[in-house]
$ cat model34.cif   # mmCIF, C-alpha atoms
data_my_file
loop_
_atom_site.group_PDB
_atom_site.id
_atom_site.type_symbol
_atom_site.label_atom_id
_atom_site.label_comp_id
_atom_site.auth_asym_id
_atom_site.auth_seq_id
_atom_site.Cartn_x
_atom_site.Cartn_y
_atom_site.Cartn_z
ATOM 1 C CA MET A 1 145.197 123.467 146.387
ATOM 2 C CA SER A 2 147.367 120.461 147.100
ATOM 3 C CA THR A 3 148.235 117.993 144.355
ATOM 4 C CA ILE A 4 145.621 115.557 145.667
ATOM 5 C CA GLU A 5 142.959 118.255 145.729
ATOM 6 C CA LYS A 6 143.737 119.225 142.136
ATOM 7 C CA LEU A 7 143.543 115.606 141.057
ATOM 8 C CA ASN A 8 140.288 114.975 142.906
ATOM 9 C CA LYS A 9 138.708 118.067 141.382
ATOM 10 C CA LEU A 10 139.707 116.811 137.939
ATOM 11 C CA LYS A 11 138.344 113.348 138.696
ATOM 12 C CA ASP A 12 135.013 114.788 139.824
ATOM 13 C CA PHE A 13 134.687 116.772 136.605
ATOM 14 C CA VAL A 14 135.574 113.762 134.457
ATOM 15 C CA LYS A 15 133.066 111.612 136.342
ATOM 16 C CA SER A 16 130.327 114.063 135.351
ATOM 17 C CA LEU A 17 131.139 113.464 131.662
ATOM 18 C CA GLU A 18 130.023 109.803 131.984
ATOM 19 C CA SER A 19 131.722 108.750 128.735
ATOM 20 C CA VAL A 20 134.251 110.605 126.627
ATOM 21 C CA VAL A 21 136.361 110.637 123.477
ATOM 22 C CA VAL A 22 139.680 112.383 124.203
ATOM 23 C CA ALA A 23 141.570 114.339 121.536
ATOM 24 C CA PHE A 24 144.944 112.749 122.253
ATOM 25 C CA SER A 25 148.209 114.094 120.841
ATOM 26 C CA GLY A 26 150.519 112.455 123.373
ATOM 27 C CA GLY A 27 151.528 115.795 124.878
ATOM 28 C CA VAL A 28 151.515 116.458 128.613
ATOM 29 C CA ASP A 29 148.050 118.043 128.653
ATOM 30 C CA SER A 30 146.097 115.465 126.666
ATOM 31 C CA SER A 31 147.985 112.659 128.406
ATOM 32 C CA LEU A 32 146.760 113.809 131.802
ATOM 33 C CA VAL A 33 143.201 114.099 130.492
ATOM 34 C CA ALA A 34 143.419 110.604 128.991
ATOM 35 C CA LYS A 35 144.912 109.158 132.175
ATOM 36 C CA VAL A 36 142.241 110.594 134.483
ATOM 37 C CA CYS A 37 139.439 109.721 132.054
ATOM 38 C CA PHE A 38 140.648 106.131 131.923
ATOM 39 C CA ASP A 39 141.127 105.894 135.689
ATOM 40 C CA VAL A 40 137.620 107.247 136.325
ATOM 41 C CA LEU A 41 135.635 105.926 133.360
ATOM 42 C CA GLY A 42 137.550 102.842 132.209
ATOM 43 C CA ASP A 43 136.220 101.546 128.880
ATOM 44 C CA LYS A 44 133.907 104.550 128.677
ATOM 45 C CA ALA A 45 136.994 106.589 127.734
ATOM 46 C CA LEU A 46 138.594 106.461 124.283
ATOM 47 C CA ALA A 47 141.733 108.290 123.168
ATOM 48 C CA VAL A 48 141.832 109.316 119.492
ATOM 49 C CA THR A 49 144.985 110.476 117.724
ATOM 50 C CA ALA A 50 144.807 112.162 114.335
ATOM 51 C CA ARG A 51 147.730 111.556 111.988
ATOM 52 C CA SER A 52 148.426 114.235 109.401
ATOM 53 C CA GLU A 53 151.140 116.062 107.470
ATOM 54 C CA THR A 54 151.662 118.466 110.378
ATOM 55 C CA TYR A 55 152.033 115.741 113.021
ATOM 56 C CA PRO A 56 155.547 114.220 112.951
ATOM 57 C CA SER A 57 156.012 110.463 113.193
ATOM 58 C CA HIS A 58 158.101 110.758 116.372
ATOM 59 C CA GLU A 59 155.157 112.473 118.095
ATOM 60 C CA TYR A 60 152.789 109.746 116.932
ATOM 61 C CA GLU A 61 155.050 107.007 118.261
ATOM 62 C CA GLU A 62 155.227 108.834 121.586
ATOM 63 C CA ALA A 63 151.425 109.036 121.676
ATOM 64 C CA ARG A 64 151.121 105.304 121.054
ATOM 65 C CA LYS A 65 153.594 104.587 123.842
ATOM 66 C CA ILE A 66 151.835 106.821 126.349
ATOM 67 C CA ALA A 67 148.384 105.446 125.481
ATOM 68 C CA LYS A 68 149.690 101.933 126.084
ATOM 69 C CA GLU A 69 151.252 103.057 129.353
ATOM 70 C CA ILE A 70 147.929 104.540 130.486
ATOM 71 C CA GLY A 71 145.945 101.502 129.340
ATOM 72 C CA ILE A 72 143.246 103.512 127.573
ATOM 73 C CA ASN A 73 141.655 102.270 124.345
ATOM 74 C CA HIS A 74 143.444 104.114 121.546
ATOM 75 C CA LEU A 75 142.177 104.823 118.041
ATOM 76 C CA THR A 76 144.163 106.436 115.208
ATOM 77 C CA ILE A 77 142.491 108.335 112.389
ATOM 78 C CA ASP A 78 144.000 110.021 109.338
ATOM 79 C CA THR A 79 143.361 113.677 108.587
ATOM 80 C CA SER A 80 144.777 116.171 106.087
ATOM 81 C CA GLU A 81 145.021 119.748 107.272
ATOM 82 C CA LEU A 82 146.399 120.831 103.898
ATOM 83 C CA GLY A 83 143.159 119.647 102.315
ATOM 84 C CA ILE A 84 141.005 121.850 104.566
ATOM 85 C CA GLU A 85 139.808 124.944 102.743
ATOM 86 C CA GLY A 86 141.586 128.015 104.118
ATOM 87 C CA PHE A 87 144.227 126.149 106.144
ATOM 88 C CA ALA A 88 147.146 125.987 103.690
ATOM 89 C CA GLN A 89 146.934 129.748 103.057
ATOM 90 C CA ASN A 90 147.964 130.099 106.716
ATOM 91 C CA PRO A 91 145.719 132.932 107.940
ATOM 92 C CA PRO A 92 145.970 134.058 111.586
ATOM 93 C CA ASN A 93 142.946 131.882 112.465
ATOM 94 C CA ARG A 94 144.492 128.812 110.796
ATOM 95 C CA CYS A 95 144.063 126.684 113.920
ATOM 96 C CA TYR A 96 140.325 127.295 113.866
ATOM 97 C CA PHE A 97 140.000 125.377 110.582
ATOM 98 C CA CYS A 98 142.149 122.524 111.872
ATOM 99 C CA LYS A 99 140.343 122.148 115.194
ATOM 100 C CA SER A 100 136.909 122.439 113.590
ATOM 101 C CA GLU A 101 137.785 119.553 111.303
ATOM 102 C CA LEU A 102 139.285 117.475 114.106
ATOM 103 C CA PHE A 103 136.530 118.030 116.644
ATOM 104 C CA SER A 104 133.835 117.385 114.042
ATOM 105 C CA LYS A 105 135.407 114.008 113.332
ATOM 106 C CA LEU A 106 135.696 113.230 117.028
ATOM 107 C CA LYS A 107 132.059 114.179 117.559
ATOM 108 C CA GLY A 108 131.191 111.741 114.772
ATOM 109 C CA ILE A 109 133.175 108.975 116.474
ATOM 110 C CA ALA A 110 131.506 109.770 119.790
ATOM 111 C CA THR A 111 128.057 109.522 118.202
ATOM 112 C CA GLU A 112 128.920 106.294 116.407
ATOM 113 C CA LYS A 113 130.264 104.659 119.568
ATOM 114 C CA CYS A 114 127.621 106.135 121.915
ATOM 115 C CA PHE A 115 130.011 108.318 123.911
ATOM 116 C CA LYS A 116 128.400 111.401 125.443
ATOM 117 C CA ASN A 117 131.263 113.882 125.241
ATOM 118 C CA VAL A 118 134.455 114.918 123.475
ATOM 119 C CA ALA A 119 137.294 116.411 125.528
ATOM 120 C CA ASP A 120 140.564 118.162 124.734
ATOM 121 C CA GLY A 121 143.690 119.158 126.645
ATOM 122 C CA ALA A 122 143.193 122.934 126.744
ATOM 123 C CA ASN A 123 144.250 124.449 130.068
ATOM 124 C CA LEU A 124 143.833 127.759 131.856
ATOM 125 C CA ASP A 125 147.063 129.187 130.435
ATOM 126 C CA ASP A 126 145.678 128.762 126.916
ATOM 127 C CA ALA A 127 142.846 131.173 127.695
ATOM 128 C CA GLY A 128 145.373 134.008 127.972
ATOM 129 C CA GLU A 129 146.909 133.419 124.531
ATOM 130 C CA TYR A 130 145.709 133.835 120.969
ATOM 131 C CA ARG A 131 144.192 130.386 120.373
ATOM 132 C CA PRO A 132 141.540 130.384 117.628
ATOM 133 C CA GLY A 133 141.199 126.638 118.131
ATOM 134 C CA LEU A 134 139.409 127.407 121.392
ATOM 135 C CA ASP A 135 136.607 128.995 119.365
ATOM 136 C CA ALA A 136 136.138 125.749 117.471
ATOM 137 C CA ALA A 137 136.017 123.793 120.731
ATOM 138 C CA ARG A 138 133.411 126.148 122.141
ATOM 139 C CA GLU A 139 131.240 126.010 119.012
ATOM 140 C CA LEU A 140 131.280 122.212 118.986
ATOM 141 C CA GLU A 141 130.753 121.950 122.761
ATOM 142 C CA VAL A 142 134.044 120.165 123.394
ATOM 143 C CA GLN A 143 134.829 119.774 127.083
ATOM 144 C CA SER A 144 138.140 121.070 128.464
ATOM 145 C CA PRO A 145 138.587 119.394 131.884
ATOM 146 C CA LEU A 146 141.933 121.025 132.679
ATOM 147 C CA LYS A 147 140.668 124.518 131.916
ATOM 148 C CA GLU A 148 137.374 123.975 133.713
ATOM 149 C CA CYS A 149 139.231 122.827 136.819
ATOM 150 C CA GLY A 150 141.512 125.881 136.749
ATOM 151 C CA LEU A 151 144.696 123.948 136.049
ATOM 152 C CA ARG A 152 147.684 125.697 134.518
ATOM 153 C CA LYS A 153 150.703 124.077 132.876
ATOM 154 C CA ALA A 154 152.651 123.895 136.130
ATOM 155 C CA ASP A 155 149.686 122.221 137.849
ATOM 156 C CA ILE A 156 149.377 119.721 135.010
ATOM 157 C CA ARG A 157 153.027 118.722 135.268
ATOM 158 C CA GLU A 158 152.688 118.460 139.051
ATOM 159 C CA VAL A 159 149.658 116.148 138.882
ATOM 160 C CA SER A 160 151.132 114.160 135.986
ATOM 161 C CA LYS A 161 154.316 113.546 137.971
ATOM 162 C CA TYR A 162 152.234 112.429 140.963
ATOM 163 C CA LEU A 163 150.424 109.947 138.691
ATOM 164 C CA LYS A 164 153.809 108.726 137.401
ATOM 165 C CA LEU A 165 153.140 109.611 133.784
ATOM 166 C CA THR A 166 156.530 109.228 132.135
ATOM 167 C CA ASN A 167 156.047 112.300 129.925
ATOM 168 C CA TRP A 168 155.200 114.672 132.796
ATOM 169 C CA ASP A 169 158.213 116.855 131.949
ATOM 170 C CA LYS A 170 157.980 116.572 128.163
ATOM 171 C CA PRO A 171 158.765 119.912 126.469
ATOM 172 C CA SER A 172 155.816 121.794 124.984
ATOM 173 C CA TYR A 173 155.151 120.962 121.361
ATOM 174 C CA ALA A 174 152.956 122.557 118.711
ATOM 175 C CA CYS A 175 151.968 121.224 115.313
ATOM 176 C CA MET A 176 154.402 121.922 112.489
ATOM 177 C CA SER A 177 152.169 124.574 110.928
ATOM 178 C CA SER A 178 153.238 126.936 113.730
ATOM 179 C CA ARG A 179 156.703 127.149 112.147
ATOM 180 C CA PHE A 180 155.482 129.399 109.323
ATOM 181 C CA PRO A 181 154.732 133.153 109.424
ATOM 182 C CA TYR A 182 151.061 133.933 108.900
ATOM 183 C CA GLY A 183 150.277 134.502 105.248
ATOM 184 C CA GLN A 184 153.090 132.244 104.049
ATOM 185 C CA SER A 185 151.505 129.193 102.453
ATOM 186 C CA ILE A 186 152.073 125.796 104.018
ATOM 187 C CA THR A 187 153.008 122.945 101.695
ATOM 188 C CA GLU A 188 154.036 119.352 102.217
ATOM 189 C CA GLU A 189 157.477 120.160 100.762
ATOM 190 C CA LYS A 190 158.039 122.938 103.307
ATOM 191 C CA LEU A 191 156.865 120.684 106.147
ATOM 192 C CA VAL A 192 159.412 118.060 105.104
ATOM 193 C CA ILE A 193 162.204 120.667 105.185
ATOM 194 C CA VAL A 194 161.293 121.971 108.654
ATOM 195 C CA SER A 195 160.835 118.453 110.026
ATOM 196 C CA ALA A 196 164.277 117.433 108.763
ATOM 197 C CA ALA A 197 165.875 120.508 110.379
ATOM 198 C CA GLU A 198 164.162 119.866 113.714
ATOM 199 C CA ASP A 199 165.036 116.161 113.592
ATOM 200 C CA TYR A 200 168.672 117.145 113.217
ATOM 201 C CA LEU A 201 168.567 119.443 116.260
ATOM 202 C CA ARG A 202 166.712 116.790 118.236
ATOM 203 C CA GLY A 203 169.447 114.361 117.331
ATOM 204 C CA LEU A 204 171.993 116.755 118.842
ATOM 205 C CA GLY A 205 170.170 116.425 122.153
ATOM 206 C CA LEU A 206 168.176 119.673 122.220
ATOM 207 C CA LYS A 207 164.862 119.370 124.067
ATOM 208 C CA GLN A 208 163.050 122.706 123.747
ATOM 209 C CA PHE A 209 163.441 124.501 120.434
ATOM 210 C CA ARG A 210 161.740 125.464 117.164
ATOM 211 C CA VAL A 211 162.918 125.993 113.595
ATOM 212 C CA ARG A 212 160.884 128.878 112.170
ATOM 213 C CA HIS A 213 160.697 128.795 108.395
ATOM 214 C CA HIS A 214 161.171 132.126 106.616
ATOM 215 C CA ASP A 215 161.438 131.024 102.985
ATOM 216 C CA THR A 216 165.195 130.490 102.482
ATOM 217 C CA ILE A 217 166.024 131.437 106.094
ATOM 218 C CA ALA A 218 165.922 129.067 109.066
ATOM 219 C CA ARG A 219 165.428 130.946 112.348
ATOM 220 C CA ILE A 220 166.369 128.642 115.207
ATOM 221 C CA GLU A 221 164.706 129.361 118.537
ATOM 222 C CA ALA A 222 166.589 127.580 121.309
ATOM 223 C CA LEU A 223 166.938 128.051 125.030
ATOM 224 C CA PRO A 224 169.617 130.696 125.751
ATOM 225 C CA GLN A 225 171.653 128.142 127.711
ATOM 226 C CA ASP A 226 171.924 126.078 124.519
ATOM 227 C CA PHE A 227 173.405 128.894 122.410
ATOM 228 C CA ALA A 228 177.014 128.100 123.337
ATOM 229 C CA PHE A 229 176.428 124.421 122.554
ATOM 230 C CA LEU A 230 175.143 125.214 119.063
ATOM 231 C CA LEU A 231 177.907 127.729 118.371
ATOM 232 C CA GLN A 232 180.838 125.505 119.255
ATOM 233 C CA ASN A 233 182.934 125.783 116.105
ATOM 234 C CA ASP A 234 182.796 122.228 114.709
ATOM 235 C CA ARG A 235 179.144 121.849 115.622
ATOM 236 C CA ARG A 236 178.276 125.256 114.166
ATOM 237 C CA VAL A 237 179.973 124.372 110.880
ATOM 238 C CA GLU A 238 178.216 121.001 110.720
ATOM 239 C CA LEU A 239 174.840 122.573 111.555
ATOM 240 C CA ILE A 240 175.199 125.129 108.750
ATOM 241 C CA LYS A 241 176.218 122.405 106.313
ATOM 242 C CA LYS A 242 173.284 120.194 107.284
ATOM 243 C CA PHE A 243 170.681 122.960 107.068
ATOM 244 C CA LYS A 244 171.937 124.009 103.644
ATOM 245 C CA GLU A 245 171.729 120.407 102.482
ATOM 246 C CA ILE A 246 168.142 120.335 103.725
ATOM 247 C CA GLY A 247 167.320 123.392 101.608
ATOM 248 C CA TYR A 248 168.022 126.594 103.540
ATOM 249 C CA LYS A 249 170.323 129.293 102.200
ATOM 250 C CA TYR A 250 170.768 131.135 105.517
ATOM 251 C CA VAL A 251 170.874 129.777 109.076
ATOM 252 C CA THR A 252 170.239 132.048 112.060
ATOM 253 C CA ILE A 253 169.820 131.745 115.811
ATOM 254 C CA ASP A 254 167.216 134.049 117.324
ATOM 255 C CA ILE A 255 168.995 135.637 120.303
ATOM 256 C CA GLU A 256 165.651 136.222 122.028
ATOM 257 C CA GLY A 257 165.513 132.452 122.404
ATOM 258 C CA TYR A 258 162.695 129.949 122.384
ATOM 259 C CA ARG A 259 159.230 131.207 123.275
ATOM 260 C CA SER A 260 155.882 129.617 122.652
ATOM 261 C CA GLY A 261 153.753 131.257 119.965
ATOM 262 C CA SER A 262 156.431 133.630 118.692
ATOM 263 C CA MET A 263 154.664 133.860 115.336
ATOM 264 C CA ASN A 264 151.814 135.621 117.149
ATOM 265 C CA GLU A 265 154.058 138.550 118.041
ATOM 266 C CA VAL A 266 153.311 140.218 114.705
ATOM 267 C CA LEU A 267 149.591 139.956 115.479
ATOM 268 C CA ASN A 268 150.043 141.855 118.715
ATOM 269 C CA MET A 269 152.113 144.504 116.918
ATOM 270 C CA THR A 270 149.485 145.085 114.247
ATOM 271 C CA ASN A 271 146.418 144.465 116.401
ATOM 272 C CA VAL A 272 145.242 141.787 114.003
ATOM 273 C CA ALA A 273 144.282 139.428 116.804
#
$ encode --input "model34.cif" --output "structure tokens"
Amino acid sequence: MSTIEKLNKLKDFVKSLESVVVAFSGGVDSSLVAKVCFDVLGDKALAVTARSETYPSHEYEEARKIAKEIGINHLTIDTSELGIEGFAQNPPNRCYFCKSELFSKLKGIATEKCFKNVADGANLDDAGEYRPGLDAARELEVQSPLKECGLRKADIREVSKYLKLTNWDKPSYACMSSRFPYGQSITEEKLVIVSAAEDYLRGLGLKQFRVRHHDTIARIEALPQDFAFLLQNDRRVELIKKFKEIGYKYVTIDIEGYRSGSMNEVLNMTNVA
């Protein structure tokens, strides 16, 4: 399909929703959903962003900026993933607990404000990965316009660029809980440490990366083309110093490089998923 055909298919699906509350993180996927919902439904579309311990302030500010750019009504709610039973223990289906909580709250908002549907930013690529949050969406009858219209990440960026969304090429981002190996408990203290490490790398100019937290070890996943940049002698020394100040004893770079969902690799190896 052409870009216009993809967009029109998405618009037709959104029109059928009549009114919708959008789970809005400010990422590329939910931004496109919010944009099309607003363009098609106007005031019958509401974007809701949930602030929590696992959602960094820089992501929230980006979400506010994009919502304003789109023009959609934007509501912020506070949630606490660490307070959800089962979440902080970090089991493989951790995201199920988080999404169940979030979507339940969004369903409540939809009912209160007389909106007929709740929608998220799940796309067709997500269906091929281990995403327990999709189970929560299915159970609570959350609509996934991008997935239903057969759009993959590349399609989403293509349509977003056509619509002049300024974050069309924003790097993929996952909540901070994805930085911890399954079974390793998630605490606010650990989240602060990882956030500080990632803020430092972001300040160096890196765009696509993760800091995976392995107790006293920081495992940096970066794009292979950024390895030389990080290992330049003065920068390498400063990086080590900074990470140790933050709280790590050992600092490593994963030579396999950045890849989405790397913590799921152990699930595939042990057939847990």
$ atom_distance --input "model34.cif" --atom1 "atom CA of Leu165 of chain A" --atom2 "atom CA of Gly42 of chain A"
17.1 Å
$ residues_around --input "model34.cif" --residues "segment 234-237 of chain A" --least-positions-apart "4" --cutoff "12 Å" --atoms "only C-alpha atoms" --output "number ranges by chain"
A: 200-201, 204, 227-230, 241-244, 251-253
$ closest_atom_pairs --input "model34.cif" --of "segment 9-35 of chain A" --to "segment 123-136 of chain A" --cutoff "12 Å" --atoms "all atoms listed in the file" --output "Markdown table"
| residue | atom | partner | partner_atom | distance |
| --- | --- | --- | --- | --- |
| A:Leu10 | CA | A:Asn123 | CA | 11.9 |
| A:Val28 | CA | A:Asn123 | CA | 10.9 |
| A:Asp29 | CA | A:Asn123 | CA | 7.6 |
| A:Ser30 | CA | A:Asn123 | CA | 9.8 |
| A:Leu32 | CA | A:Asn123 | CA | 11.1 |
| A:Val33 | CA | A:Asn123 | CA | 10.4 |
$ closest_residue --input "model34.cif" --among "A:Asp215, A:Asp120, A:Glu18, A:Glu81" --to "Asp43 of chain A" --atoms "only C-alpha atoms"
A:Glu18
$ residues_around --input "model34.cif" --residues "Lys68 of chain A" --least-positions-apart "3" --cutoff "12 Å" --atoms "all atoms listed in the file" --output "PyMOL selection string"
chain A and resi 26+31+34-35+38+47+61-65+71-75+165-166
$ write_last_selection --input "model34.cif" --atoms "C-alpha atoms" --output "short mmCIF file (atom, residue, chain, number, x, y, z; two decimals), in the coordinates of the input"
data_model
loop_
_atom_site.label_atom_id
_atom_site.label_comp_id
_atom_site.auth_asym_id
_atom_site.auth_seq_id
_atom_site.Cartn_x
_atom_site.Cartn_y
_atom_site.Cartn_z
CA GLY A 26 150.52 112.46 123.37
CA SER A 31 147.99 112.66 128.41
CA ALA A 34 143.42 110.60 128.99
CA LYS A 35 144.91 109.16 132.18
CA PHE A 38 140.65 106.13 131.92
CA ALA A 47 141.73 108.29 123.17
CA GLU A 61 155.05 107.01 118.26
CA GLU A 62 155.23 108.83 121.59
CA ALA A 63 151.43 109.04 121.68
CA ARG A 64 151.12 105.30 121.05
CA LYS A 65 153.59 104.59 123.84
CA GLY A 71 145.94 101.50 129.34
CA ILE A 72 143.25 103.51 127.57
CA ASN A 73 141.66 102.27 124.34
CA HIS A 74 143.44 104.11 121.55
CA LEU A 75 142.18 104.82 118.04
CA LEU A 165 153.14 109.61 133.78
CA THR A 166 156.53 109.23 132.14
#
$ atom_distance --input "model34.cif" --atom1 "atom CA of Leu206 of chain A" --atom2 "atom CA of Arg152 of chain A"
24.6 Å
$ resolve_selection --input "model34.cif" --expression "the PyMOL selection byres ((chain A and resi 175-182) around 10)" --output "VMD selection string"
chain A and resid 25 52 to 56 59 81 to 82 87 to 95 173 to 174 183 to 187 190 to 192 194 to 195 210 to 215 218 to 219 260 to 264 266 to 267
$ closest_residue --input "model34.cif" --among "A:Ser160, A:Asn167, A:Ser100, A:Thr216" --to "Val36 of chain A" --atoms "only C-alpha atoms"
A:Ser160
$ resolve_selection --input "model34.cif" --expression "the PyMOL selection byres ((chain A and resi 141) around 10)" --output "JSON, numbers by chain"
{"A": [103, 107, 117, 118, 119, 135, 136, 137, 138, 139, 140, 142, 143, 144]}
$ residues_around --input "model34.cif" --residues "Ala222 of chain A" --least-positions-apart "2" --cutoff "6 Å" --atoms "only C-alpha atoms" --output "list of chain:residue names"
A:Phe209, A:Gly257, A:Tyr258
$ axis_aligned_box --input "model34.cif" --around "segment 207-215 of chain A" --padding-each-side "5 Å" --output "JSON"
{"center_x": 162.8, "center_y": 125.7, "center_z": 113.5, "size_x": 14.2, "size_y": 22.8, "size_z": 31.1}
$ atom_distance --input "model34.cif" --atom1 "atom CA of Glu101 of chain A" --atom2 "atom CA of Cys37 of chain A"
23.0 Å
$ closest_residue --input "model34.cif" --among "A:Leu231, A:Ile66, A:Ala23, A:Cys149" --to "Arg51 of chain A" --atoms "all atoms listed in the file"
A:Ala23
$ residues_near_point --input "model34.cif" --point "(135.4, 108.4, 135.2)" --cutoff "9 Å" --atoms "only C-alpha atoms" --output "PyMOL selection string"
chain A and resi 11-20+36-42+44-45
$ write_last_selection --input "model34.cif" --atoms "C-alpha atoms" --output "short mmCIF file (atom, residue, chain, number, x, y, z; two decimals), in the coordinates of the input"
data_model
loop_
_atom_site.label_atom_id
_atom_site.label_comp_id
_atom_site.auth_asym_id
_atom_site.auth_seq_id
_atom_site.Cartn_x
_atom_site.Cartn_y
_atom_site.Cartn_z
CA LYS A 11 138.34 113.35 138.70
CA ASP A 12 135.01 114.79 139.82
CA PHE A 13 134.69 116.77 136.60
CA VAL A 14 135.57 113.76 134.46
CA LYS A 15 133.07 111.61 136.34
CA SER A 16 130.33 114.06 135.35
CA LEU A 17 131.14 113.46 131.66
CA GLU A 18 130.02 109.80 131.98
CA SER A 19 131.72 108.75 128.74
CA VAL A 20 134.25 110.60 126.63
CA VAL A 36 142.24 110.59 134.48
CA CYS A 37 139.44 109.72 132.05
CA PHE A 38 140.65 106.13 131.92
CA ASP A 39 141.13 105.89 135.69
CA VAL A 40 137.62 107.25 136.32
CA LEU A 41 135.64 105.93 133.36
CA GLY A 42 137.55 102.84 132.21
CA LYS A 44 133.91 104.55 128.68
CA ALA A 45 136.99 106.59 127.73
#
$ closest_residue --input "model34.cif" --among "A:Gly205, A:Gly27, A:Gly247, A:Pro145" --to "Arg157 of chain A" --atoms "only C-alpha atoms"
A:Gly27
$ closest_residue --input "model34.cif" --among "A:Val21, A:Gln208, A:Ala50, A:Glu148" --to "Ala110 of chain A" --atoms "only C-alpha atoms"
A:Val21
$ closest_residue --input "model34.cif" --among "A:Pro171, A:Ile70, A:Gln232, A:Leu46" --to "Lys207 of chain A" --atoms "only C-alpha atoms"
A:Pro171
